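Data from input.pdb: PDB, C-alpha atoms
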```
ATOM      1  CA  MET A  13     -85.397-120.583   5.500  1.00  0.00           C
ATOM      2  CA  MET A  14     -87.328-118.416   7.900  1.00  0.00           C
ATOM      3  CA  THR A  15     -90.508-119.093   5.921  1.00  0.00           C
ATOM      4  CA  VAL A  16     -90.086-122.849   6.374  1.00  0.00           C
ATOM      5  CA  THR A  17     -89.436-122.441  10.093  1.00  0.00           C
ATOM      6  CA  VAL A  18     -92.331-120.091  10.815  1.00  0.00           C
ATOM      7  CA  GLY A  19     -94.692-121.828   8.368  1.00  0.00           C
ATOM      8  CA  GLY A  20     -93.990-125.220   9.919  1.00  0.00           C
ATOM      9  CA  ALA A  21     -94.549-123.806  13.393  1.00  0.00           C
ATOM     10  CA  ILE A  22     -97.879-122.303  12.338  1.00  0.00           C
ATOM     11  CA  VAL A  23     -98.957-125.615  10.792  1.00  0.00           C
ATOM     12  CA  ALA A  24     -97.874-127.431  13.967  1.00  0.00           C
ATOM     13  CA  LEU A  25     -99.960-125.107  16.123  1.00  0.00           C
ATOM     14  CA  GLU A  26    -103.043-124.752  13.942  1.00  0.00           C
ATOM     15  CA  ALA A  27    -103.450-128.283  12.538  1.00  0.00           C
ATOM     16  CA  GLU A  28    -106.664-130.003  13.515  1.00  0.00           C
ATOM     17  CA  GLU A  29    -105.103-133.458  13.167  1.00  0.00           C
ATOM     18  CA  ILE A  30    -102.104-134.260  15.332  1.00  0.00           C
ATOM     19  CA  VAL A  31    -100.412-136.096  12.441  1.00  0.00           C
ATOM     20  CA  TYR A  32    -100.332-132.913  10.382  1.00  0.00           C
ATOM     21  CA  GLY A  33     -99.139-131.013  13.449  1.00  0.00           C
ATOM     22  CA  ALA A  34     -96.234-133.445  13.856  1.00  0.00           C
ATOM     23  CA  ILE A  35     -95.329-133.036  10.189  1.00  0.00           C
ATOM     24  CA  GLY A  36     -95.437-129.253  10.630  1.00  0.00           C
ATOM     25  CA  LEU A  37     -93.186-129.596  13.689  1.00  0.00           C
ATOM     26  CA  ALA A  38     -90.694-131.630  11.664  1.00  0.00           C
ATOM     27  CA  GLY A  39     -90.716-128.953   8.951  1.00  0.00           C
ATOM     28  CA  SER A  40     -90.177-126.212  11.507  1.00  0.00           C
ATOM     29  CA  LEU A  41     -87.281-128.068  13.125  1.00  0.00           C
ATOM     30  CA  PHE A  42     -85.760-128.676   9.702  1.00  0.00           C
ATOM     31  CA  GLY A  43     -85.996-124.926   9.059  1.00  0.00           C
ATOM     32  CA  VAL A  44     -84.139-124.280  12.319  1.00  0.00           C
ATOM     33  CA  ALA A  45     -81.434-126.697  11.150  1.00  0.00           C
ATOM     34  CA  SER A  46     -81.107-124.770   7.889  1.00  0.00           C
ATOM     35  CA  LEU A  47     -80.674-121.570   9.909  1.00  0.00           C
ATOM     36  CA  PHE A  48     -77.807-123.246  11.780  1.00  0.00           C
ATOM     37  CA  PHE A  49     -76.216-124.073   8.420  1.00  0.00           C
ATOM     38  CA  LEU A  50     -76.513-120.404   7.461  1.00  0.00           C
ATOM     39  CA  LEU A  51     -74.832-119.463  10.753  1.00  0.00           C
ATOM     40  CA  ASP A  52     -71.875-121.682   9.770  1.00  0.00           C
ATOM     41  CA  ALA A  53     -72.598-124.246  12.454  1.00  0.00           C
ATOM     42  CA  PRO A  54     -72.889-127.476  10.460  1.00  0.00           C
ATOM     43  CA  TYR A  55     -72.321-129.762  13.449  1.00  0.00           C
ATOM     44  CA  VAL A  56     -75.218-128.237  15.374  1.00  0.00           C
ATOM     45  CA  ALA A  57     -77.354-128.312  12.213  1.00  0.00           C
ATOM     46  CA  VAL A  58     -76.707-132.021  11.681  1.00  0.00           C
ATOM     47  CA  PHE A  59     -77.371-132.591  15.385  1.00  0.00           C
ATOM     48  CA  GLN A  60     -80.680-130.731  14.986  1.00  0.00           C
ATOM     49  CA  VAL A  61     -81.737-132.831  12.011  1.00  0.00           C
ATOM     50  CA  THR A  62     -80.635-136.094  13.579  1.00  0.00           C
ATOM     51  CA  VAL A  63     -82.100-135.638  17.046  1.00  0.00           C
ATOM     52  CA  TYR A  64     -85.125-133.435  16.537  1.00  0.00           C
ATOM     53  CA  VAL A  65     -86.330-134.169  13.016  1.00  0.00           C
ATOM     54  CA  GLY A  66     -85.062-137.717  12.930  1.00  0.00           C
ATOM     55  CA  ALA A  67     -85.955-138.782  16.447  1.00  0.00           C
ATOM     56  CA  VAL A  68     -88.515-136.538  18.113  1.00  0.00           C
ATOM     57  CA  ALA A  69     -90.796-135.829  15.156  1.00  0.00           C
ATOM     58  CA  VAL A  70     -90.655-139.413  13.911  1.00  0.00           C
ATOM     59  CA  LEU A  71     -91.277-140.679  17.452  1.00  0.00           C
ATOM     60  CA  ILE A  72     -94.346-138.465  17.738  1.00  0.00           C
ATOM     61  CA  LEU A  73     -95.603-139.647  14.338  1.00  0.00           C
ATOM     62  CA  PHE A  74     -95.111-143.328  15.156  1.00  0.00           C
ATOM     63  CA  THR A  75     -96.733-142.908  18.569  1.00  0.00           C
ATOM     64  CA  VAL A  76     -99.738-141.186  17.067  1.00  0.00           C
ATOM     65  CA  MET A  77    -100.010-143.766  14.309  1.00  0.00           C
ATOM     66  CA  LEU A  78     -99.940-146.614  16.823  1.00  0.00           C
ATOM     67  CA  VAL A  79    -102.372-145.045  19.286  1.00  0.00           C
ATOM     68  CA  ARG A  80    -104.941-143.207  17.135  1.00  0.00           C
ATOM     69  CA  GLN A  81    -106.269-144.810  14.001  1.00  0.00           C
ATOM     70  CA  GLU A  82    -109.803-143.566  13.532  1.00  0.00           C
ATOM     71  CA  LYS A  83    -109.932-140.583  11.117  1.00  0.00           C
ATOM     72  CA  TRP A  84    -106.761-140.498   9.084  1.00  0.00           C
ATOM     73  CA  ALA A  85    -106.143-144.226   8.622  1.00  0.00           C
ATOM     74  CA  LYS A  86    -109.105-144.960   6.360  1.00  0.00           C
ATOM     75  CA  GLU A  87    -108.704-146.506   2.934  1.00  0.00           C
ATOM     76  CA  LEU A  88    -109.209-144.158  -0.015  1.00  0.00           C
ATOM     77  CA  PRO A  89    -111.041-145.229  -3.155  1.00  0.00           C
ATOM     78  CA  THR A  90    -108.808-146.141  -6.083  1.00  0.00           C
ATOM     79  CA  GLY A  91    -109.650-143.183  -8.313  1.00  0.00           C
ATOM     80  CA  SER A  92    -109.982-140.517  -5.609  1.00  0.00           C
ATOM     81  CA  LEU A  93    -108.404-137.110  -6.005  1.00  0.00           C
ATOM     82  CA  ALA A  94    -106.471-137.427  -2.724  1.00  0.00           C
ATOM     83  CA  ARG A  95    -104.842-140.691  -3.807  1.00  0.00           C
ATOM     84  CA  VAL A  96    -103.915-139.363  -7.257  1.00  0.00           C
ATOM     85  CA  SER A  97    -102.516-136.130  -5.807  1.00  0.00           C
ATOM     86  CA  GLY A  98    -100.520-138.123  -3.225  1.00  0.00           C
ATOM     87  CA  ILE A  99     -98.991-140.303  -5.924  1.00  0.00           C
ATOM     88  CA  LEU A 100     -98.175-137.271  -8.087  1.00  0.00           C
ATOM     89  CA  THR A 101     -96.624-135.481  -5.104  1.00  0.00           C
ATOM     90  CA  GLY A 102     -94.468-138.530  -4.325  1.00  0.00           C
ATOM     91  CA  ILE A 103     -93.306-138.746  -7.942  1.00  0.00           C
ATOM     92  CA  ALA A 104     -92.532-135.004  -7.953  1.00  0.00           C
ATOM     93  CA  ILE A 105     -90.473-135.294  -4.759  1.00  0.00           C
ATOM     94  CA  VAL A 106     -88.483-138.226  -6.143  1.00  0.00           C
ATOM     95  CA  ALA A 107     -87.908-136.361  -9.413  1.00  0.00           C
ATOM     96  CA  VAL A 108     -86.728-133.178  -7.678  1.00  0.00           C
ATOM     97  CA  LEU A 109     -84.386-135.100  -5.371  1.00  0.00           C
ATOM     98  CA  SER A 110     -82.990-137.114  -8.286  1.00  0.00           C
ATOM     99  CA  LEU A 111     -82.410-134.024 -10.401  1.00  0.00           C
ATOM    100  CA  SER A 112     -80.743-132.207  -7.508  1.00  0.00           C
ATOM    101  CA  VAL A 113     -78.359-135.126  -6.922  1.00  0.00           C
ATOM    102  CA  ILE A 114     -77.539-135.290 -10.639  1.00  0.00           C
ATOM    103  CA  ALA A 115     -77.021-131.515 -10.873  1.00  0.00           C
ATOM    104  CA  SER A 116     -74.910-131.319  -7.716  1.00  0.00           C
ATOM    105  CA  ASN A 117     -71.821-132.927  -9.286  1.00  0.00           C
ATOM    106  CA  LEU A 118     -70.892-134.829  -6.121  1.00  0.00           C
ATOM    107  CA  SER A 119     -67.880-136.445  -7.788  1.00  0.00           C
ATOM    108  CA  ALA A 120     -66.093-133.068  -7.929  1.00  0.00           C
ATOM    109  CA  PHE A 121     -65.880-132.835  -4.145  1.00  0.00           C
ATOM    110  CA  THR A 122     -62.624-133.830  -2.531  1.00  0.00           C
ATOM    111  CA  GLU A 123     -62.025-135.379   0.838  1.00  0.00           C
ATOM    112  CA  PHE A 124     -61.099-133.066   3.685  1.00  0.00           C
ATOM    113  CA  ARG A 125     -57.593-133.746   4.947  1.00  0.00           C
ATOM    114  CA  ASN A 126     -57.809-131.664   8.132  1.00  0.00           C
ATOM    115  CA  SER A 127     -60.758-133.348   9.767  1.00  0.00           C
ATOM    116  CA  ALA A 128     -61.478-132.526  13.381  1.00  0.00           C
ATOM    117  CA  THR A 129     -60.841-135.058  16.107  1.00  0.00           C
ATOM    118  CA  PHE A 130     -63.294-135.968  18.853  1.00  0.00           C
ATOM    119  CA  ILE A 131     -61.325-133.864  21.323  1.00  0.00           C
ATOM    120  CA  GLN A 132     -61.528-130.788  19.087  1.00  0.00           C
ATOM    121  CA  ILE A 133     -65.264-131.271  18.565  1.00  0.00           C
ATOM    122  CA  GLY A 134     -65.751-131.686  22.323  1.00  0.00           C
ATOM    123  CA  GLN A 135     -63.797-128.505  23.026  1.00  0.00           C
ATOM    124  CA  LEU A 136     -65.822-126.619  20.414  1.00  0.00           C
ATOM    125  CA  ILE A 137     -69.123-127.875  21.843  1.00  0.00           C
ATOM    126  CA  SER A 138     -68.173-127.063  25.427  1.00  0.00           C
ATOM    127  CA  THR A 139     -66.965-123.538  24.598  1.00  0.00           C
ATOM    128  CA  ASP A 140     -68.444-121.840  21.534  1.00  0.00           C
ATOM    129  CA  TYR A 141     -71.660-123.810  21.033  1.00  0.00           C
ATOM    130  CA  SER A 142     -72.572-124.599  24.643  1.00  0.00           C
ATOM    131  CA  PRO A 143     -75.441-122.035  24.841  1.00  0.00           C
ATOM    132  CA  VAL A 144     -76.914-123.370  21.598  1.00  0.00           C
ATOM    133  CA  LEU A 145     -76.774-126.958  22.814  1.00  0.00           C
ATOM    134  CA  GLU A 146     -78.375-125.963  26.116  1.00  0.00           C
ATOM    135  CA  VAL A 147     -81.239-124.323  24.252  1.00  0.00           C
ATOM    136  CA  LEU A 148     -81.585-127.418  22.069  1.00  0.00           C
ATOM    137  CA  ALA A 149     -81.696-129.585  25.197  1.00  0.00           C
ATOM    138  CA  LEU A 150     -84.465-127.392  26.641  1.00  0.00           C
ATOM    139  CA  VAL A 151     -86.438-127.680  23.398  1.00  0.00           C
ATOM    140  CA  LEU A 152     -86.037-131.466  23.515  1.00  0.00           C
ATOM    141  CA  ALA A 153     -87.224-131.539  27.120  1.00  0.00           C
ATOM    142  CA  ALA A 154     -90.222-129.359  26.236  1.00  0.00           C
ATOM    143  CA  SER A 155     -91.143-131.650  23.343  1.00  0.00           C
ATOM    144  CA  VAL A 156     -90.988-134.710  25.603  1.00  0.00           C
ATOM    145  CA  VAL A 157     -93.207-132.977  28.188  1.00  0.00           C
ATOM    146  CA  GLY A 158     -95.598-131.970  25.390  1.00  0.00           C
ATOM    147  CA  ALA A 159     -95.767-135.537  24.087  1.00  0.00           C
ATOM    148  CA  LEU A 160     -96.492-136.820  27.606  1.00  0.00           C
ATOM    149  CA  THR A 161     -99.209-134.196  28.040  1.00  0.00           C
ATOM    150  CA  LEU A 162    -100.822-135.177  24.733  1.00  0.00           C
ATOM    151  CA  SER A 163    -100.808-138.850  25.672  1.00  0.00           C
ATOM    152  CA  ARG A 164    -102.336-138.062  29.071  1.00  0.00           C
ATOM    153  CA  VAL A 165    -105.161-136.033  27.498  1.00  0.00           C
ATOM    154  CA  ASP A 166    -105.978-138.930  25.170  1.00  0.00           C
ATOM    155  CA  ARG A 167    -106.187-141.352  28.103  1.00  0.00           C
ATOM    156  CA  GLU A 168    -108.528-139.054  30.026  1.00  0.00           C
ATOM    157  CA  GLU A 169    -110.866-138.775  27.008  1.00  0.00           C
ATOM    158  CA  LYS A 170    -111.178-142.567  26.742  1.00  0.00           C
ATOM    159  CA  ARG A 171    -112.363-142.980  30.368  1.00  0.00           C
TER
END
```
Step by step, read the file and then write its structure as structure tokens.
Amino acid sequence: MMTVTVGGAIVALEAEEIVYGAIGLAGSLFGVASLFFLLDAPYVAVFQVTVYVGAVAVLILFTVMLVRQEKWAKELPTGSLARVSGILTGIAIVAVLSLSVIASNLSAFTEFRNSATFIQIGQLISTDYSPVLEVLALVLAASVVGALTLSRVDREEKR
């Protein structure tokens, strides 16, 4: 888990293309979410995946894809190595996910009877997990400021 987090952060910092940096950021944030699962904080982990990986990283990717289209949006030839490797990677990902769902035996899981109410979750967030959520809020604010800074630099280059 730590390898995914640190590796994604290194890719996010060292990538020459901002698209690859955003993908590295999403990987790093997903690694942080897996660390929350290991710390027995599934609510915070799901919050991390939903807000940061699902919203911030995807927002950065869509913004970059809409604004910058010069280098990475070119059409590849039909028989190129990059296209074939991309197709094979996609097939491998689908195969691994399918096999993991089949091997997981999801039908054996039972429904939880003692599910937490909204009041209990609110009390837990405001007491035990409040420092974690404050740190997550600061990371979200820093990512928004970073995205604004990146968009401002692009505008200055075009003038």
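Atom pair CA of Ala69 in chain A / CA of Phe49 in chain A: separated by 19.9 Å.
Shortest separation to Ala153 in chain A among A:Val31, A:Glu26, A:Tyr64, A:Leu50 occurs at residue A:Tyr64, atoms counted being all atoms listed in the file.
CA of Ile35 in chain A lies 23.1 Å from CA of Pro54 in chain A.
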Give the centre and edge lengths of an axis-aligned box, in Å to one decimal, that holds all listed atoms of range 51-56 of chain A with 3 Å on each side, as lines of an AutoDock Vina configuration file.
```
center_x = -73.5
center_y = -124.6
center_z = 12.6
size_x = 9.3
size_y = 16.3
size_z = 11.6
```
From CA of Ala27 in chain A to CA of Leu150 in chain A the spacing works out at 23.7 Å
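Each of A:Leu41, A:Val16, A:Val79, A:Leu47 was compared to Val61 in chain A using all atoms listed in the file, and A:Leu41 turns out to be the nearest.
Distance annotation: of A:Phe121, A:Tyr141, A:Tyr32, A:Phe130, the residue with the minimal separation from Ile72 in chain A is A:Tyr32; atom set is only C-alpha atoms.
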Restrict the calculation to all atoms listed in the file, then for each residue of range 32-108 of chain A with any atom at most 12 Å from an atom of range 133-138 of chain A give the closest atom pair and their distance in Å to one decimal, rows by chain and rising residue number, as a Markdown table.
```
| residue | atom | partner | partner_atom | distance |
| --- | --- | --- | --- | --- |
| A:Ala53 | CA | A:Ile137 | CA | 10.6 |
| A:Pro54 | CA | A:Ile133 | CA | 11.8 |
| A:Tyr55 | CA | A:Ile133 | CA | 8.8 |
| A:Val56 | CA | A:Ile137 | CA | 8.9 |
| A:Phe59 | CA | A:Ile137 | CA | 11.5 |
```
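With distances taken over all atoms listed in the file, A:Ser155 is the one residue among A:Thr161, A:Ser97, A:Ser155, A:Ser142 lying closest to Leu71 in chain A.
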Evaluate the PyMOL selection byres ((chain A and resi 65) around 12) and record the selected residues as a ChimeraX atom specification, following the chain and residue labels used in the document.
/A:34-46,57-64,66-73,152,155
Give as a PyMOL selection string every residue, naming chains and numbers as the document does, that has an atom within 7 Å of (-98.9, -130.3, 19.3), counting only C-alpha atoms.
chain A and resi 24-25+30+33-34
